[in-house]
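Enquirer: The structure file protein34.cif (mmCIF, C-alpha atoms and all ligand atoms) is provided below.
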```cif
data_structure
loop_
_atom_site.label_atom_id
_atom_site.label_comp_id
_atom_site.auth_asym_id
_atom_site.auth_seq_id
_atom_site.Cartn_x
_atom_site.Cartn_y
_atom_site.Cartn_z
CA MET A 1 39.57 -38.24 -65.02
CA THR A 2 42.69 -36.05 -65.34
CA PHE A 3 44.00 -33.89 -62.52
CA GLN A 4 42.80 -30.77 -64.37
CA ASP A 5 39.30 -32.24 -64.79
CA GLN A 6 39.09 -33.03 -61.08
CA LEU A 7 40.31 -29.53 -60.26
CA ASN A 8 37.66 -27.98 -62.53
CA ALA A 9 34.94 -30.15 -60.99
CA ILE A 10 35.89 -29.09 -57.46
CA LYS A 11 36.04 -25.43 -58.45
CA SER A 12 32.63 -25.35 -60.13
CA SER A 13 30.95 -27.36 -57.35
CA ALA A 14 32.55 -25.11 -54.72
CA GLU A 15 31.34 -21.97 -56.48
CA VAL A 16 27.79 -23.31 -56.88
CA GLU A 17 27.67 -24.25 -53.19
CA LEU A 18 29.17 -20.92 -52.11
CA ASN A 19 26.33 -19.09 -53.85
CA LYS A 20 23.81 -21.14 -51.87
CA VAL A 21 25.36 -20.33 -48.49
CA ALA A 22 22.86 -18.16 -46.58
CA ASP A 23 24.62 -17.34 -43.32
CA LEU A 24 27.96 -17.29 -41.54
CA GLN A 25 27.38 -20.71 -40.04
CA GLY A 26 26.81 -22.22 -43.48
CA LEU A 27 29.95 -20.46 -44.68
CA GLU A 28 32.02 -22.20 -42.03
CA THR A 29 30.75 -25.58 -43.19
CA TRP A 30 31.58 -24.65 -46.77
CA GLU A 31 35.14 -23.65 -45.80
CA ARG A 32 35.70 -26.97 -44.05
CA GLN A 33 34.39 -28.90 -47.05
CA TYR A 34 36.54 -27.24 -49.73
CA LEU A 35 39.47 -25.30 -48.25
CA GLY A 36 39.99 -27.00 -44.87
CA SER A 37 42.87 -29.38 -44.11
CA LYS A 38 40.50 -32.31 -44.74
CA GLY A 39 38.71 -30.52 -47.58
CA GLU A 40 38.39 -31.64 -51.19
CA LEU A 41 40.97 -29.23 -52.61
CA THR A 42 43.62 -30.25 -50.06
CA ALA A 43 42.93 -33.92 -50.83
CA LEU A 44 43.48 -33.23 -54.54
CA LEU A 45 46.74 -31.37 -53.89
CA LYS A 46 48.05 -34.46 -52.11
CA GLN A 47 47.69 -36.32 -55.44
CA LEU A 48 50.27 -34.02 -57.14
CA GLY A 49 52.98 -36.51 -56.15
CA SER A 50 51.49 -39.20 -58.36
CA LEU A 51 51.89 -37.04 -61.48
CA THR A 52 54.87 -37.16 -63.82
CA ALA A 53 57.69 -34.60 -63.43
CA GLU A 54 56.55 -32.78 -66.59
CA GLU A 55 52.89 -32.57 -65.51
CA ARG A 56 53.56 -31.55 -61.92
CA PRO A 57 54.57 -27.80 -62.22
CA ALA A 58 51.58 -26.85 -64.40
CA ALA A 59 49.15 -28.85 -62.27
CA GLY A 60 50.59 -27.31 -59.09
CA ARG A 61 50.20 -23.77 -60.47
CA ALA A 62 46.64 -24.48 -61.62
CA ALA A 63 45.65 -25.96 -58.26
CA ASN A 64 47.18 -23.03 -56.41
CA ALA A 65 45.38 -20.53 -58.64
CA VAL A 66 42.05 -22.26 -57.85
CA LYS A 67 42.82 -22.15 -54.13
CA VAL A 68 43.62 -18.43 -54.28
CA GLU A 69 40.48 -17.76 -56.30
CA LEU A 70 38.19 -19.76 -53.99
CA THR A 71 39.74 -18.13 -50.92
CA ALA A 72 39.09 -14.67 -52.37
CA GLU A 73 35.46 -15.59 -53.19
CA PHE A 74 35.10 -17.01 -49.69
CA GLU A 75 36.34 -13.76 -48.08
CA GLU A 76 34.05 -11.65 -50.24
CA ARG A 77 31.07 -13.82 -49.32
CA ARG A 78 31.98 -13.58 -45.66
CA THR A 79 32.05 -9.77 -45.79
CA THR A 80 28.62 -9.70 -47.43
CA LEU A 81 27.06 -12.14 -44.96
CA ALA A 82 28.55 -10.36 -41.91
CA ALA A 83 27.12 -7.05 -43.09
CA ALA A 84 23.71 -8.67 -43.65
CA ALA A 85 23.80 -10.18 -40.15
CA ALA A 86 24.62 -6.78 -38.64
CA ASP A 87 21.74 -5.18 -40.55
CA GLN A 88 19.38 -7.89 -39.38
CA HIS A 89 20.49 -7.26 -35.79
CA LEU A 90 19.79 -3.55 -36.15
CA VAL A 91 16.32 -4.19 -37.54
CA GLU A 92 15.44 -6.58 -34.70
CA ASP A 93 16.67 -4.17 -32.04
CA ALA A 94 15.15 -1.11 -33.63
CA VAL A 95 13.52 1.47 -31.36
CA ASP A 96 10.65 3.39 -32.82
CA VAL A 97 11.33 6.88 -31.50
CA THR A 98 8.02 8.13 -32.88
CA LEU A 99 5.96 5.91 -30.51
CA PRO A 100 4.35 7.92 -27.70
CA GLY A 101 5.64 7.05 -24.18
CA ARG A 102 3.62 4.88 -21.81
CA PRO A 103 1.66 7.12 -19.46
CA GLN A 104 2.66 6.98 -15.79
CA ILE A 105 -0.17 5.75 -13.59
CA GLU A 106 -0.52 8.32 -10.89
CA GLY A 107 -1.58 7.04 -7.50
CA VAL A 108 -3.95 8.75 -5.12
CA ALA A 109 -4.13 8.60 -1.36
CA HIS A 110 -6.35 5.80 -0.01
CA PRO A 111 -9.77 7.10 1.09
CA VAL A 112 -8.91 6.22 4.70
CA SER A 113 -5.66 8.21 4.48
CA GLN A 114 -7.54 11.10 2.87
CA MET A 115 -10.03 10.97 5.73
CA ILE A 116 -7.27 11.03 8.35
CA ARG A 117 -5.63 14.02 6.67
CA GLU A 118 -8.92 15.87 6.55
CA LEU A 119 -9.65 15.07 10.21
CA SER A 120 -6.15 16.22 11.20
CA ASP A 121 -6.78 19.52 9.39
CA ILE A 122 -10.14 20.02 11.06
CA PHE A 123 -8.79 19.27 14.54
CA ALA A 124 -5.68 21.36 13.94
CA LEU A 125 -8.00 24.38 13.53
CA MET A 126 -9.41 23.56 16.98
CA GLY A 127 -5.92 23.42 18.47
CA PHE A 128 -5.29 19.66 18.44
CA GLN A 129 -1.87 18.29 17.59
CA THR A 130 -1.64 15.00 15.63
CA VAL A 131 0.54 12.28 17.21
CA PHE A 132 1.11 8.61 16.39
CA GLY A 133 1.68 5.60 18.60
CA PRO A 134 2.77 1.96 18.45
CA GLU A 135 0.35 -0.63 17.06
CA VAL A 136 1.85 -3.37 19.23
CA GLU A 137 1.16 -2.44 22.83
CA THR A 138 1.62 -3.73 26.32
CA GLY A 139 -1.40 -4.68 28.37
CA ARG A 140 -0.42 -1.86 30.74
CA TYR A 141 -1.07 0.87 28.17
CA ASN A 142 -3.84 -0.89 26.25
CA PHE A 143 -5.80 -1.76 29.42
CA ASP A 144 -4.35 -1.08 32.90
CA LEU A 145 -3.76 2.66 32.59
CA LEU A 146 -7.16 3.03 30.95
CA ASN A 147 -8.86 1.80 34.12
CA ILE A 148 -9.33 -1.75 32.76
CA PRO A 149 -7.45 -3.93 35.28
CA SER A 150 -6.83 -7.57 34.39
CA ASP A 151 -9.60 -8.82 36.69
CA HIS A 152 -12.12 -6.41 35.17
CA PRO A 153 -14.84 -8.04 33.02
CA ALA A 154 -14.56 -5.19 30.51
CA ARG A 155 -11.16 -6.55 29.51
CA ASP A 156 -12.85 -9.56 27.91
CA VAL A 157 -15.09 -7.56 25.58
CA TRP A 158 -12.26 -6.14 23.45
CA ASP A 159 -11.69 -9.36 21.47
CA THR A 160 -7.98 -8.82 21.78
CA MET A 161 -5.34 -10.35 19.52
CA ILE A 162 -2.58 -11.37 21.89
CA ILE A 163 1.02 -11.47 20.65
CA ASP A 164 2.65 -12.79 23.82
CA SER A 165 1.35 -13.51 27.30
CA ASP A 166 4.17 -15.62 28.77
CA HIS A 167 6.19 -12.82 30.32
CA GLU A 168 4.45 -9.53 29.77
CA GLU A 169 1.09 -9.18 28.08
CA ILE A 170 1.76 -7.94 24.51
CA VAL A 171 -1.23 -7.24 22.29
CA LEU A 172 -2.17 -5.65 19.00
CA ARG A 173 -3.75 -2.47 20.30
CA THR A 174 -7.53 -2.79 20.37
CA HIS A 175 -7.97 0.98 20.20
CA THR A 176 -5.85 4.10 19.86
CA SER A 177 -6.59 5.00 23.48
CA PRO A 178 -3.25 3.68 24.85
CA MET A 179 -1.75 6.91 23.51
CA GLN A 180 -3.79 8.84 26.10
CA ALA A 181 -1.51 7.56 28.85
CA ARG A 182 1.64 7.74 26.71
CA VAL A 183 1.01 11.39 25.84
CA MET A 184 0.02 12.41 29.39
CA GLU A 185 3.06 10.69 30.90
CA GLN A 186 5.28 12.90 28.78
CA THR A 187 3.29 16.15 28.91
CA ASN A 188 1.98 18.50 31.51
CA PRO A 189 -1.51 19.98 30.98
CA PRO A 190 -2.89 21.54 28.90
CA VAL A 191 -3.05 18.56 26.53
CA ARG A 192 -4.80 18.63 23.16
CA VAL A 193 -3.93 15.77 20.82
CA ILE A 194 -5.50 13.49 18.26
CA VAL A 195 -4.09 10.02 17.55
CA PRO A 196 -5.04 8.52 14.19
CA GLY A 197 -3.97 4.94 13.50
CA ARG A 198 -4.77 1.28 13.08
CA ALA A 199 -6.42 -0.86 15.74
CA TYR A 200 -7.11 -4.60 15.74
CA ARG A 201 -9.84 -6.81 17.09
CA TYR A 202 -10.66 -10.45 16.68
CA GLU A 203 -13.98 -9.76 15.09
CA ALA A 204 -16.33 -11.32 12.52
CA GLN A 205 -16.32 -9.29 9.29
CA ASP A 206 -19.50 -7.79 7.88
CA ALA A 207 -20.56 -4.66 5.99
CA SER A 208 -19.50 -2.44 8.89
CA HIS A 209 -16.86 -4.48 10.80
CA GLU A 210 -13.28 -5.37 9.94
CA TRP A 211 -10.65 -7.07 12.10
CA MET A 212 -8.33 -4.16 11.30
CA PHE A 213 -9.69 -0.65 11.30
CA HIS A 214 -8.62 2.94 11.88
CA GLN A 215 -9.49 4.97 14.90
CA LEU A 216 -8.90 8.55 15.67
CA GLU A 217 -8.41 9.20 19.35
CA GLY A 218 -8.87 12.65 20.77
CA LEU A 219 -7.78 13.90 24.17
CA ALA A 220 -8.01 17.27 25.84
CA VAL A 221 -6.98 17.90 29.44
CA ASP A 222 -6.95 21.26 31.16
CA GLU A 223 -8.22 23.02 34.28
CA THR A 224 -11.72 23.97 33.18
CA ILE A 225 -12.79 21.35 30.65
CA THR A 226 -16.39 20.13 30.82
CA LEU A 227 -18.72 17.89 28.81
CA THR A 228 -19.90 20.99 26.96
CA ASP A 229 -16.45 21.34 25.41
CA LEU A 230 -16.66 17.75 24.18
CA LYS A 231 -20.08 18.35 22.61
CA GLY A 232 -18.87 21.54 21.00
CA VAL A 233 -15.81 19.87 19.49
CA LEU A 234 -17.73 16.88 18.08
CA GLN A 235 -20.53 19.08 16.80
CA GLU A 236 -18.00 21.25 15.01
CA LEU A 237 -16.44 18.11 13.57
CA ALA A 238 -19.81 16.91 12.16
CA ARG A 239 -20.46 20.39 10.77
CA GLN A 240 -17.07 20.52 9.04
CA LEU A 241 -17.33 17.00 7.66
CA PHE A 242 -20.95 16.66 6.59
CA GLY A 243 -22.34 20.17 6.52
CA PRO A 244 -25.06 21.78 8.64
CA ARG A 245 -27.77 19.30 7.52
CA ARG A 246 -26.36 16.30 9.42
CA ARG A 247 -27.54 15.88 12.97
CA ILE A 248 -25.51 14.40 15.77
CA ARG A 249 -26.66 12.42 18.75
CA PHE A 250 -25.17 11.70 22.18
CA ARG A 251 -26.38 8.76 24.23
CA CYS A 252 -25.20 7.47 27.56
CA ASP A 253 -22.68 4.67 27.23
CA TYR A 254 -20.09 2.95 29.33
CA PHE A 255 -16.36 2.88 28.75
CA PRO A 256 -14.09 2.13 31.72
CA PHE A 257 -11.78 5.06 30.99
CA VAL A 258 -14.44 7.81 30.93
CA GLU A 259 -17.07 8.97 33.39
CA PRO A 260 -19.63 9.89 32.22
CA GLY A 261 -19.42 8.13 28.84
CA VAL A 262 -21.44 8.71 25.69
CA ASP A 263 -21.71 7.26 22.28
CA PHE A 264 -21.61 9.73 19.46
CA ALA A 265 -23.64 9.16 16.30
CA VAL A 266 -24.42 11.09 13.13
CA ASP A 267 -27.54 10.57 11.09
CA CYS A 268 -26.96 8.26 8.11
CA ALA A 269 -26.07 10.22 4.98
CA ILE A 270 -26.57 7.20 2.73
CA CYS A 271 -30.29 6.87 3.48
CA ASP A 272 -30.71 10.37 4.96
CA GLY A 273 -31.78 8.84 8.27
CA LYS A 274 -34.52 6.65 6.78
CA GLY A 275 -32.71 3.36 7.49
CA CYS A 276 -30.48 1.17 5.32
CA ARG A 277 -28.08 -1.77 5.52
CA VAL A 278 -25.12 0.37 6.63
CA CYS A 279 -26.95 2.01 9.52
CA LYS A 280 -28.69 -1.30 10.26
CA TYR A 281 -32.01 0.43 9.52
CA SER A 282 -31.67 2.73 12.52
CA GLY A 283 -30.98 5.91 10.57
CA TRP A 284 -27.93 6.56 12.76
CA LEU A 285 -24.29 5.67 12.38
CA GLU A 286 -22.27 5.36 15.54
CA MET A 287 -19.01 7.23 15.13
CA GLY A 288 -17.47 6.06 18.35
CA GLY A 289 -17.34 6.60 22.04
CA ALA A 290 -16.51 9.65 24.09
CA GLY A 291 -16.70 11.02 27.60
CA MET A 292 -14.94 12.80 30.42
CA VAL A 293 -11.58 11.25 31.26
CA HIS A 294 -11.97 9.03 34.34
CA PRO A 295 -10.18 10.42 37.42
CA SER A 296 -8.36 7.06 37.80
CA VAL A 297 -6.81 7.53 34.34
CA LEU A 298 -5.61 11.02 35.27
CA GLU A 299 -4.24 9.78 38.59
CA GLY A 300 -2.60 6.83 36.84
CA VAL A 301 -0.28 9.14 34.92
CA GLY A 302 0.35 11.40 37.90
CA TYR A 303 -2.13 14.20 37.14
CA ASP A 304 -4.03 15.85 39.97
CA SER A 305 -7.64 14.84 39.20
CA GLU A 306 -8.95 17.50 41.58
CA ARG A 307 -7.30 20.20 39.52
CA TYR A 308 -7.52 18.81 36.00
CA THR A 309 -10.39 17.47 33.95
CA GLY A 310 -10.50 16.34 30.35
CA PHE A 311 -12.48 14.68 27.62
CA ALA A 312 -11.57 11.88 25.28
CA PHE A 313 -13.19 10.45 22.17
CA GLY A 314 -12.51 7.69 19.69
CA LEU A 315 -13.84 7.89 16.15
CA GLY A 316 -14.08 5.14 13.54
CA VAL A 317 -12.24 6.55 10.52
CA GLU A 318 -13.70 4.02 8.06
CA ARG A 319 -17.24 4.89 9.09
CA LEU A 320 -16.58 8.55 8.52
CA ALA A 321 -15.09 7.78 5.10
CA MET A 322 -18.07 5.54 4.25
CA ILE A 323 -20.54 8.27 5.10
CA ARG A 324 -18.42 10.89 3.39
CA TYR A 325 -18.08 9.01 0.11
CA GLY A 326 -21.28 6.94 0.30
CA ILE A 327 -19.43 3.60 0.50
CA PRO A 328 -21.93 0.89 1.51
CA ASP A 329 -19.47 -1.84 2.63
CA ILE A 330 -16.37 -1.41 4.79
CA ARG A 331 -14.68 -4.46 3.22
CA VAL A 332 -14.14 -2.83 -0.19
CA LEU A 333 -11.79 -0.34 1.50
CA PHE A 334 -9.20 -3.07 2.04
CA GLU A 335 -9.65 -5.25 -1.03
CA ASN A 336 -7.07 -3.15 -2.91
CA ASP A 337 -9.16 -3.16 -6.06
CA PRO A 338 -7.82 -0.32 -8.25
CA ARG A 339 -11.23 0.06 -9.94
CA PHE A 340 -12.63 1.06 -6.54
CA LEU A 341 -9.67 3.05 -5.24
CA ALA A 342 -9.18 5.05 -8.46
CA GLN A 343 -12.52 6.76 -7.86
CA PHE A 344 -11.09 8.87 -5.05
ZN ZN B 401 -28.67 4.44 6.53
#
```
Render the structure in this file as structure tokens.
Expert:
Amino acid sequence: MTFQDQLNAIKSSAEVELNKVADLQGLETWERQYLGSKGELTALLKQLGSLTAEERPAAGRAANAVKVELTAEFEERRTTLAAAAADQHLVEDAVDVTLPGRPQIEGVAHPVSQMIRELSDIFALMGFQTVFGPEVETGRYNFDLLNIPSDHPARDVWDTMIIDSDHEEIVLRTHTSPMQARVMEQTNPPVRVIVPGRAYRYEAQDASHEWMFHQLEGLAVDETITLTDLKGVLQELARQLFGPRRRIRFRCDYFPFVEPGVDFAVDCAICDGKGCRVCKYSGWLEMGGAGMVHPSVLEGVGYDSERYTGFAFGLGVERLAMIRYGIPDIRVLFENDPRFLAQF
């Protein structure tokens, strides 16, 4: 095979292969195979030396012309493939501006939070200020200042979750009542506050009990406060929350920090007082405890119990929300199921 024949063979094979190249990577391989320093064309050029002096100039020119031609075809192909790759990139990254946006999911306040806001509004109209207190408390505020000394049997009935008892007794507050003492220590009468917030008890869960729940504490202290004021305030609360049809009930009860003490119940709105699982078939739902502030509690914070009297009450916020919205089981309030929560 003559030099010219070999040159022609390389050229036609190179051109056929170049047409088959589909991407820039394939083009690189092609360049190495034909034009590279170890490529076929370079190998052929090295054979020029074996030709005769007459043959050499013409063969050299021909070989060079092929190299120039193939290089030009290579560059052209590279431009085409690069443009195609850029187009492909644009297609893959395309943004369809005509697509509608994803709707924002709007949250709503949790039914318990809604209840607390509503209660705060109702009590604000009766002159009560809303305050908040710590959920981790000392035994002094959670018990001692509420007339529950450490040797008192009542202290055992709170099913307390204790954080630390080595140095000072630190507990998760079992009620919002510790704020009674905290507020009174920092205020002179008259006092009118409500304290909404979480409380914790080591308690078995069922349809109406949770180990974490919300209470709303109320406290009023002044010179002429009597049990009648307490009844009036709670009656007004029931009227505002559930309308004139709901009845309320006071029964004697015992809490160490009030004297006398009552429990406060409203007739069950779920069964209309006929009896159901939530009201334990009694027709009544206990809202919480109340009573006249015990003189020892007033004296404990430095108030003159001869001059001042007061009432206090603690309401279960979840129970109020359950009656309000007809929720039969307290546990669904804290399962964080959006299908449930979105209904409010
Ligand atoms: Zn009922």
Enquirer: Could you report the residues within 7 Å of ligand ZN 401 (chain B), using all atoms listed in the file, as a list in words?
Expert: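 Listing the residues within 7 Å of ligand ZN 401 (chain B) gives Cys268, Ala269, Ile270, Cys271, Asp272, Gly273, Lys274, Gly275, Cys276, Arg277, Val278, Cys279, Lys280, Tyr281, Ser282, Gly283 and Trp284 of chain A.
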Enquirer: Which residues are near stretch 80-93 of chain A? Cut-off 7 Å, all atoms listed in the file, ignore same chain within fewer than 3 positions. Put them as a list in words.
Expert: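 Close residues of stretch 80-93 of chain A: Asp23, Leu24, Glu76 and Arg77 of chain A.
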Enquirer: Using all atoms listed in the file, which residues sit within 10 Å of A:Gly218 once same-chain residues fewer than 5 positions away are excluded, as a PyMOL selection string?
Expert: chain A and resi 123+128-130+176-177+179-180+192-196+230+290+311-315
Enquirer: Scan for residues within 10 Å of the point (-9.6, 22.3, 27.0) in the coordinates of the file, using only C-alpha atoms, and reply as an MDAnalysis selection string.
Expert: chainID A and resid 127:128 189:192 219:226 229:230 308:311
Enquirer: Save the residues we just selected, C-alpha atoms, as a short mmCIF file (atom, residue, chain, number, x, y, z; two decimals), in the frame of the given file?
Expert:
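Contents of out.cif, freshly written:
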```
data_model
loop_
_atom_site.label_atom_id
_atom_site.label_comp_id
_atom_site.auth_asym_id
_atom_site.auth_seq_id
_atom_site.Cartn_x
_atom_site.Cartn_y
_atom_site.Cartn_z
CA GLY A 127 -5.92 23.42 18.47
CA PHE A 128 -5.29 19.66 18.44
CA PRO A 189 -1.51 19.98 30.98
CA PRO A 190 -2.89 21.54 28.90
CA VAL A 191 -3.05 18.56 26.53
CA ARG A 192 -4.80 18.63 23.16
CA LEU A 219 -7.78 13.90 24.17
CA ALA A 220 -8.01 17.27 25.84
CA VAL A 221 -6.98 17.90 29.44
CA ASP A 222 -6.95 21.26 31.16
CA GLU A 223 -8.22 23.02 34.28
CA THR A 224 -11.72 23.97 33.18
CA ILE A 225 -12.79 21.35 30.65
CA THR A 226 -16.39 20.13 30.82
CA ASP A 229 -16.45 21.34 25.41
CA LEU A 230 -16.66 17.75 24.18
CA TYR A 308 -7.52 18.81 36.00
CA THR A 309 -10.39 17.47 33.95
CA GLY A 310 -10.50 16.34 30.35
CA PHE A 311 -12.48 14.68 27.62
#
```
Enquirer: Could you tell me how far atom CA of A:Ser296 sits from atom CA of A:Phe257, in Å to one decimal place?
Expert: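 Value for the atom CA of A:Phe257-atom CA of A:Ser296 distance: 7.9 Å.
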Enquirer: May I ask for the distance between atom CA of A:Val297 and atom CA of A:Ser120, given in Å to one decimal place?
Expert: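 Distance between the two atoms: 24.7 Å.
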Enquirer: Once you count all atoms listed in the file, what closest atom pair and distance in Å to one decimal does each residue of stretch 172-282 of chain A within 12 Å of stretch 107-118 of chain A have, with rows by chain and rising residue number, as a tab-separated table?
Expert:
```
residue	atom	partner	partner_atom	distance
A:Ile194	CA	A:Ile116	CA	10.4
A:Val195	CA	A:Ile116	CA	9.8
A:Pro196	CA	A:Ile116	CA	6.7
A:Gly197	CA	A:Ile116	CA	8.6
A:Arg198	CA	A:Val112	CA	10.6
A:Phe213	CA	A:Val112	CA	9.6
A:His214	CA	A:Val112	CA	7.9
A:Gln215	CA	A:Ile116	CA	9.2
A:Leu216	CA	A:Ile116	CA	7.9
A:Glu217	CA	A:Ile116	CA	11.2
A:Leu237	CA	A:Glu118	CA	10.5
A:Gln240	CA	A:Glu118	CA	9.7
A:Leu241	CA	A:Glu118	CA	8.6
```
Enquirer: Using Å and a single decimal, report how far atom CA of A:Asp144 sits from atom CA of A:Val258.
Expert: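 Between these atoms lies a distance of 13.6 Å.
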Enquirer: Would you mind listing what lies within 8 Å of stretch 72-74 of chain A as a short mmCIF file (atom, residue, chain, number, x, y, z; two decimals) with C-alpha atoms, keeping the file's coordinate frame, with all atoms listed in the file counted and same-chain residues fewer than 3 positions away left out?
Expert:
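Output below, filename around_7.cif:
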```cif
data_model
loop_
_atom_site.label_atom_id
_atom_site.label_comp_id
_atom_site.auth_asym_id
_atom_site.auth_seq_id
_atom_site.Cartn_x
_atom_site.Cartn_y
_atom_site.Cartn_z
CA LEU A 18 29.17 -20.92 -52.11
CA LEU A 27 29.95 -20.46 -44.68
CA GLU A 31 35.14 -23.65 -45.80
CA VAL A 68 43.62 -18.43 -54.28
CA GLU A 69 40.48 -17.76 -56.30
CA ARG A 77 31.07 -13.82 -49.32
CA ARG A 78 31.98 -13.58 -45.66
#
```
Enquirer: Which residue gives the smallest distance to A:Thr71 among A:Leu44, A:Met184, A:Ala14, A:Ile122, with all atoms listed in the file counted?
Expert: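 Of A:Leu44, A:Met184, A:Ala14, A:Ile122, the one nearest A:Thr71, counting all atoms listed in the file, is A:Ala14.
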Enquirer: Could you check the closest approach to A:Ala265 for each of A:Ile323, A:Leu99, A:Val301, A:Leu48 and tell me which residue wins, using only C-alpha atoms?
Expert: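 Of all the options, A:Ile323 lies closest to A:Ala265.
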Enquirer: Could you tell me which of A:Thr228, A:Tyr303, A:Met126, A:Ile162 comes closest to A:Thr187 if we count only C-alpha atoms?
Expert: A:Tyr303
